>>> print(open('upload-v5.pdb').read())   # PDB, C-alpha atoms
ATOM      1  CA  MET N   1     -28.905 -44.055  47.084
ATOM      2  CA  ALA N   2     -28.073 -40.806  48.841
ATOM      3  CA  GLU N   3     -30.898 -38.431  49.530
ATOM      4  CA  ARG N   4     -30.613 -34.909  48.237
ATOM      5  CA  LYS N   5     -30.854 -32.383  51.031
ATOM      6  CA  THR N   6     -33.438 -29.675  50.683
ATOM      7  CA  GLY N   7     -34.071 -26.353  52.321
ATOM      8  CA  TRP N   8     -31.499 -24.460  54.332
ATOM      9  CA  SER N   9     -29.165 -27.443  54.782
ATOM     10  CA  ARG N  10     -28.167 -27.545  51.095
ATOM     11  CA  LYS N  11     -24.476 -27.022  50.397
ATOM     12  CA  PHE N  12     -22.971 -24.571  47.948
ATOM     13  CA  ASP N  13     -20.989 -26.150  45.102
ATOM     14  CA  GLN N  14     -17.913 -24.310  46.403
ATOM     15  CA  PRO N  15     -17.750 -22.708  49.855
ATOM     16  CA  ILE N  16     -17.755 -18.903  49.893
ATOM     17  CA  ALA N  17     -14.722 -17.397  51.616
ATOM     18  CA  LEU N  18     -15.399 -14.387  53.816
ATOM     19  CA  PRO N  19     -12.879 -11.598  54.480
ATOM     20  CA  GLY N  20     -12.341 -12.717  58.096
ATOM     21  CA  GLY N  21     -11.292 -16.227  57.097
ATOM     22  CA  ARG N  22     -14.665 -17.877  57.724
ATOM     23  CA  ARG N  23     -16.423 -19.867  55.043
ATOM     24  CA  LEU N  24     -20.069 -20.172  54.104
ATOM     25  CA  VAL N  25     -20.741 -23.842  53.365
ATOM     26  CA  VAL N  26     -24.527 -24.253  53.490
ATOM     27  CA  LEU N  27     -27.435 -21.895  52.819
ATOM     28  CA  ARG N  28     -28.074 -21.534  56.555
ATOM     29  CA  ASP N  29     -24.518 -20.196  57.064
ATOM     30  CA  ALA N  30     -25.110 -17.580  54.379
ATOM     31  CA  ALA N  31     -28.490 -16.611  55.838
ATOM     32  CA  ASN N  32     -27.029 -16.257  59.340
ATOM     33  CA  TYR N  33     -24.182 -14.121  57.994
ATOM     34  CA  ILE N  34     -26.460 -11.808  55.994
ATOM     35  CA  THR N  35     -28.938 -11.369  58.859
ATOM     36  CA  SER N  36     -26.167 -10.654  61.383
ATOM     37  CA  LEU N  37     -25.013  -7.561  59.479
ATOM     38  CA  PRO N  38     -25.784  -4.087  60.818
ATOM     39  CA  LYS N  39     -29.115  -2.608  59.754
ATOM     40  CA  GLU N  40     -27.438   0.012  57.507
ATOM     41  CA  GLU N  41     -25.662  -2.678  55.482
ATOM     42  CA  ALA N  42     -28.642  -5.021  55.406
ATOM     43  CA  ALA N  43     -30.790  -2.326  53.775
ATOM     44  CA  LEU N  44     -28.530  -2.036  50.704
ATOM     45  CA  PRO N  45     -30.045  -3.314  47.423
ATOM     46  CA  GLU N  46     -27.245  -5.858  46.918
ATOM     47  CA  ARG N  47     -27.876  -7.361  50.346
ATOM     48  CA  GLN N  48     -31.624  -7.434  49.790
ATOM     49  CA  ALA N  49     -31.103  -9.247  46.482
ATOM     50  CA  ALA N  50     -28.835 -11.783  48.225
ATOM     51  CA  ILE N  51     -31.452 -12.401  50.907
ATOM     52  CA  GLU N  52     -34.171 -12.837  48.287
ATOM     53  CA  ALA N  53     -32.005 -15.269  46.289
ATOM     54  CA  LEU N  54     -31.298 -17.297  49.433
ATOM     55  CA  ILE N  55     -34.985 -17.553  50.266
ATOM     56  CA  LEU N  56     -35.951 -18.543  46.720
ATOM     57  CA  VAL N  57     -33.245 -21.210  46.509
ATOM     58  CA  ALA N  58     -34.092 -22.646  49.931
ATOM     59  CA  ASP N  59     -37.865 -22.636  49.501
ATOM     60  CA  LEU N  60     -38.200 -23.584  45.835
ATOM     61  CA  ASN N  61     -35.174 -25.913  45.599
ATOM     62  CA  GLY N  62     -33.568 -23.775  42.914
ATOM     63  CA  PRO N  63     -29.918 -24.046  41.934
ATOM     64  CA  THR N  64     -27.546 -23.001  44.704
ATOM     65  CA  MET N  65     -25.540 -21.060  42.122
ATOM     66  CA  PHE N  66     -28.197 -18.320  42.243
ATOM     67  CA  ALA N  67     -27.672 -17.862  45.967
ATOM     68  CA  ARG N  68     -23.892 -17.977  45.496
ATOM     69  CA  ILE N  69     -24.048 -15.232  42.869
ATOM     70  CA  GLY N  70     -26.220 -13.089  45.144
ATOM     71  CA  ILE N  71     -23.864 -13.506  48.107
ATOM     72  CA  MET N  72     -20.765 -12.811  45.996
ATOM     73  CA  ARG N  73     -22.315  -9.645  44.545
ATOM     74  CA  ALA N  74     -23.239  -8.481  48.039
ATOM     75  CA  LEU N  75     -19.732  -9.159  49.359
ATOM     76  CA  ASN N  76     -18.016  -7.416  46.443
ATOM     77  CA  ARG N  77     -20.429  -4.519  46.071
ATOM     78  CA  GLY N  78     -17.807  -1.747  46.414
ATOM     79  CA  GLU N  79     -15.202  -3.207  44.098
ATOM     80  CA  VAL N  80     -15.013  -2.081  40.505
ATOM     81  CA  ARG N  81     -13.569  -4.594  38.083
ATOM     82  CA  GLN N  82     -11.030  -3.068  35.790
ATOM     83  CA  PHE N  83      -9.644  -4.450  32.587
ATOM     84  CA  ASN N  84      -5.869  -4.468  32.282
ATOM     85  CA  PRO N  85      -5.017  -4.661  28.572
ATOM     86  CA  ALA N  86      -1.313  -5.194  29.310
ATOM     87  CA  ARG N  87      -2.148  -8.505  30.963
ATOM     88  CA  LYS N  88      -3.571 -10.123  27.875
ATOM     89  CA  ASP N  89      -1.289 -10.857  24.970
ATOM     90  CA  PRO N  90      -2.838 -11.353  21.567
ATOM     91  CA  ARG N  91      -2.428 -14.890  20.344
ATOM     92  CA  TRP N  92      -1.810 -13.721  16.836
ATOM     93  CA  GLY N  93       1.181 -11.740  15.671
ATOM     94  CA  LYS N  94       1.215  -8.609  13.629
ATOM     95  CA  ARG N  95      -0.716  -8.967  10.434
ATOM     96  CA  LYS N  96       1.429  -9.146   7.394
ATOM     97  CA  LEU N  97      -0.033  -7.513   4.398
ATOM     98  CA  LYS N  98       0.813  -8.641   0.906
ATOM     99  CA  ARG N  99       2.212  -5.218   0.061
ATOM    100  CA  ASP N 100       4.693  -5.423   2.974
ATOM    101  CA  GLN N 101       6.283  -8.658   1.782
TER     102      GLN N 101
END
>>> encode(input="upload-v5.pdb", output="structure tokens")
Amino acid sequence: MAERKTGWSRKFDQPIALPGGRRLVVLRDAANYITSLPKEEAALPERQAAIEALILVADLNGPTMFARIGIMRALNRGEVRQFNPARKDPRWGKRKLKRDQ
């Protein structure tokens, strides 16, 4: 029976791709990446939340998805998601009223 790794050596369910082509595979990779950022970026609330999530997941054996969410929010902090209504087609057609038949 395989032992479950604990602490900073735990793997993410899916590796996190970084803009430079690198990937974050284990919690230690994510912690090293976050702590290697410049001080101005590390002081942002999104980065602080990512660091806190990493520590909680590593120390308390929480789900790695929490750390993944924190890292992804920190990486995508400047992007605003926009809804494109033209992209989604309704699955129903025009409603036909009884009076129009």
>>> resolve_selection(input="upload-v5.pdb", expression="the PyMOL selection byres ((chain N and resi 34-42) around 12)", output="PyMOL selection string")
chain N and resi 18+24+27-33+43-55+67+70-72+74-75+77
>>> resolve_selection(input="upload-v5.pdb", expression="the PyMOL selection byres ((chain N and resi 6) around 12)", output="PyMOL selection string")
chain N and resi 3-5+7-12+26-28+57-64
>>> write_last_selection(input="upload-v5.pdb", atoms="C-alpha atoms", output="PDB file, keeping the file's coordinate frame")
ATOM      1  CA  GLU N   3     -30.898 -38.431  49.530  1.00  0.00           C
ATOM      2  CA  ARG N   4     -30.613 -34.909  48.237  1.00  0.00           C
ATOM      3  CA  LYS N   5     -30.854 -32.383  51.031  1.00  0.00           C
ATOM      4  CA  GLY N   7     -34.071 -26.353  52.321  1.00  0.00           C
ATOM      5  CA  TRP N   8     -31.499 -24.460  54.332  1.00  0.00           C
ATOM      6  CA  SER N   9     -29.165 -27.443  54.782  1.00  0.00           C
ATOM      7  CA  ARG N  10     -28.167 -27.545  51.095  1.00  0.00           C
ATOM      8  CA  LYS N  11     -24.476 -27.022  50.397  1.00  0.00           C
ATOM      9  CA  PHE N  12     -22.971 -24.571  47.948  1.00  0.00           C
ATOM     10  CA  VAL N  26     -24.527 -24.253  53.490  1.00  0.00           C
ATOM     11  CA  LEU N  27     -27.435 -21.895  52.819  1.00  0.00           C
ATOM     12  CA  ARG N  28     -28.074 -21.534  56.555  1.00  0.00           C
ATOM     13  CA  VAL N  57     -33.245 -21.210  46.509  1.00  0.00           C
ATOM     14  CA  ALA N  58     -34.092 -22.646  49.931  1.00  0.00           C
ATOM     15  CA  ASP N  59     -37.865 -22.636  49.501  1.00  0.00           C
ATOM     16  CA  LEU N  60     -38.200 -23.584  45.835  1.00  0.00           C
ATOM     17  CA  ASN N  61     -35.174 -25.913  45.599  1.00  0.00           C
ATOM     18  CA  GLY N  62     -33.568 -23.775  42.914  1.00  0.00           C
ATOM     19  CA  PRO N  63     -29.918 -24.046  41.934  1.00  0.00           C
ATOM     20  CA  THR N  64     -27.546 -23.001  44.704  1.00  0.00           C
TER      21      THR N  64
END
>>> atom_distance(input="upload-v5.pdb", atom1="atom CA of Val25 of chain N", atom2="atom CA of Val80 of chain N")
25.9 Å
>>> atom_distance(input="upload-v5.pdb", atom1="atom CA of Arg68 of chain N", atom2="atom CA of Arg23 of chain N")
12.3 Å
>>> axis_aligned_box(input="upload-v5.pdb", around="segment 17-29 of chain N", padding_each_side="3 Å", output="lines of an AutoDock Vina configuration file")
center_x = -19.7
center_y = -17.9
center_z = 54.9
size_x = 22.8
size_y = 18.7
size_z = 12.5
>>> decode(input="upload-v5.pdb", residues="chain N", atoms="C-alpha atoms", output="mmCIF file, in the first residue's frame")
data_model
loop_
_atom_site.group_PDB
_atom_site.id
_atom_site.type_symbol
_atom_site.label_atom_id
_atom_site.label_comp_id
_atom_site.auth_asym_id
_atom_site.auth_seq_id
_atom_site.Cartn_x
_atom_site.Cartn_y
_atom_site.Cartn_z
ATOM 1 C CA MET N 1 0.000 0.000 0.000
ATOM 2 C CA ALA N 2 1.423 3.354 -1.028
ATOM 3 C CA GLU N 3 1.985 5.904 1.670
ATOM 4 C CA ARG N 4 0.366 9.278 1.291
ATOM 5 C CA LYS N 5 2.922 12.054 1.325
ATOM 6 C CA THR N 6 2.414 14.830 3.809
ATOM 7 C CA GLY N 7 3.761 18.311 4.245
ATOM 8 C CA TRP N 8 5.501 20.264 1.524
ATOM 9 C CA SER N 9 6.145 17.234 -0.702
ATOM 10 C CA ARG N 10 2.451 16.756 -1.557
ATOM 11 C CA LYS N 11 1.585 17.052 -5.237
ATOM 12 C CA PHE N 12 -1.128 19.203 -6.748
ATOM 13 C CA ASP N 13 -3.882 17.289 -8.556
ATOM 14 C CA GLN N 14 -2.859 19.102 -11.750
ATOM 15 C CA PRO N 15 0.423 21.001 -12.107
ATOM 16 C CA ILE N 16 0.112 24.790 -12.258
ATOM 17 C CA ALA N 17 1.586 26.311 -15.412
ATOM 18 C CA LEU N 18 3.522 29.534 -14.940
ATOM 19 C CA PRO N 19 3.842 32.259 -17.594
ATOM 20 C CA GLY N 20 7.525 31.448 -18.222
ATOM 21 C CA GLY N 21 6.818 27.820 -19.090
ATOM 22 C CA ARG N 22 7.707 26.383 -15.679
ATOM 23 C CA ARG N 23 5.280 24.237 -13.742
ATOM 24 C CA LEU N 24 4.497 24.009 -10.054
ATOM 25 C CA VAL N 25 4.121 20.320 -9.206
ATOM 26 C CA VAL N 26 4.410 20.088 -5.414
ATOM 27 C CA LEU N 27 3.624 22.501 -2.581
ATOM 28 C CA ARG N 28 7.330 23.226 -2.098
ATOM 29 C CA ASP N 29 7.595 24.447 -5.722
ATOM 30 C CA ALA N 30 4.702 26.834 -5.136
ATOM 31 C CA ALA N 31 6.179 28.077 -1.855
ATOM 32 C CA ASN N 32 9.583 28.682 -3.459
ATOM 33 C CA TYR N 33 7.951 30.561 -6.338
ATOM 34 C CA ILE N 34 5.824 32.781 -4.083
ATOM 35 C CA THR N 35 8.718 33.585 -1.734
ATOM 36 C CA SER N 36 11.071 34.403 -4.624
ATOM 37 C CA LEU N 37 8.854 37.259 -5.830
ATOM 38 C CA PRO N 38 9.894 40.869 -5.252
ATOM 39 C CA LYS N 39 8.811 42.390 -1.946
ATOM 40 C CA GLU N 40 6.277 44.721 -3.642
ATOM 41 C CA GLU N 41 4.450 41.784 -5.230
ATOM 42 C CA ALA N 42 4.689 39.577 -2.157
ATOM 43 C CA ALA N 43 2.891 42.205 -0.061
ATOM 44 C CA LEU N 44 -0.268 42.117 -2.214
ATOM 45 C CA PRO N 45 -3.365 40.616 -0.527
ATOM 46 C CA GLU N 46 -3.728 37.916 -3.200
ATOM 47 C CA ARG N 47 -0.158 36.757 -2.638
ATOM 48 C CA GLN N 48 -0.578 36.799 1.128
ATOM 49 C CA ALA N 49 -3.722 34.674 0.806
ATOM 50 C CA ALA N 50 -1.829 32.208 -1.421
ATOM 51 C CA ILE N 51 0.984 31.951 1.117
ATOM 52 C CA GLU N 52 -1.492 31.400 3.947
ATOM 53 C CA ALA N 53 -3.330 28.704 1.958
ATOM 54 C CA LEU N 54 -0.039 26.939 1.216
ATOM 55 C CA ILE N 55 0.937 26.922 4.877
ATOM 56 C CA LEU N 56 -2.468 25.659 6.014
ATOM 57 C CA VAL N 57 -2.524 22.868 3.429
ATOM 58 C CA ALA N 58 1.043 21.785 4.204
ATOM 59 C CA ASP N 59 0.740 21.922 7.988
ATOM 60 C CA LEU N 60 -2.810 20.661 8.498
ATOM 61 C CA ASN N 61 -2.933 18.190 5.579
ATOM 62 C CA GLY N 62 -5.855 20.005 3.990
ATOM 63 C CA PRO N 63 -6.928 19.487 0.393
ATOM 64 C CA THR N 64 -4.347 20.673 -2.121
ATOM 65 C CA MET N 65 -7.162 22.283 -4.106
ATOM 66 C CA PHE N 66 -7.204 25.137 -1.569
ATOM 67 C CA ALA N 67 -3.557 25.905 -2.251
ATOM 68 C CA ARG N 68 -4.143 25.583 -6.003
ATOM 69 C CA ILE N 69 -7.004 28.084 -5.860
ATOM 70 C CA GLY N 70 -4.864 30.517 -3.864
ATOM 71 C CA ILE N 71 -1.956 30.266 -6.311
ATOM 72 C CA MET N 72 -4.225 30.631 -9.353
ATOM 73 C CA ARG N 73 -5.907 33.718 -7.880
ATOM 74 C CA ALA N 74 -2.506 35.232 -7.136
ATOM 75 C CA LEU N 75 -1.248 34.523 -10.659
ATOM 76 C CA ASN N 76 -4.368 35.919 -12.334
ATOM 77 C CA ARG N 77 -4.923 38.874 -10.028
ATOM 78 C CA GLY N 78 -4.925 41.548 -12.771
ATOM 79 C CA GLU N 79 -7.183 39.771 -15.227
ATOM 80 C CA VAL N 80 -10.868 40.559 -15.326
ATOM 81 C CA ARG N 81 -13.096 37.777 -16.576
ATOM 82 C CA GLN N 82 -15.604 38.977 -19.087
ATOM 83 C CA PHE N 83 -18.711 37.251 -20.295
ATOM 84 C CA ASN N 84 -19.140 37.041 -24.051
ATOM 85 C CA PRO N 85 -22.843 36.476 -24.756
ATOM 86 C CA ALA N 86 -22.184 35.850 -28.460
ATOM 87 C CA ARG N 87 -20.207 32.742 -27.554
ATOM 88 C CA LYS N 88 -23.084 30.916 -25.952
ATOM 89 C CA ASP N 89 -25.984 29.823 -28.092
ATOM 90 C CA PRO N 90 -29.273 29.090 -26.398
ATOM 91 C CA ARG N 91 -30.179 25.442 -26.618
ATOM 92 C CA TRP N 92 -33.798 26.262 -27.151
ATOM 93 C CA GLY N 93 -35.240 27.997 -30.173
ATOM 94 C CA LYS N 94 -37.562 30.926 -30.258
ATOM 95 C CA ARG N 95 -40.643 30.366 -28.196
ATOM 96 C CA LYS N 96 -43.724 29.819 -30.217
ATOM 97 C CA LEU N 97 -46.807 31.237 -28.711
ATOM 98 C CA LYS N 98 -50.207 29.762 -29.378
ATOM 99 C CA ARG N 99 -51.410 33.030 -30.883
ATOM 100 C CA ASP N 100 -48.574 32.981 -33.461
ATOM 101 C CA GLN N 101 -49.518 29.585 -34.872
#
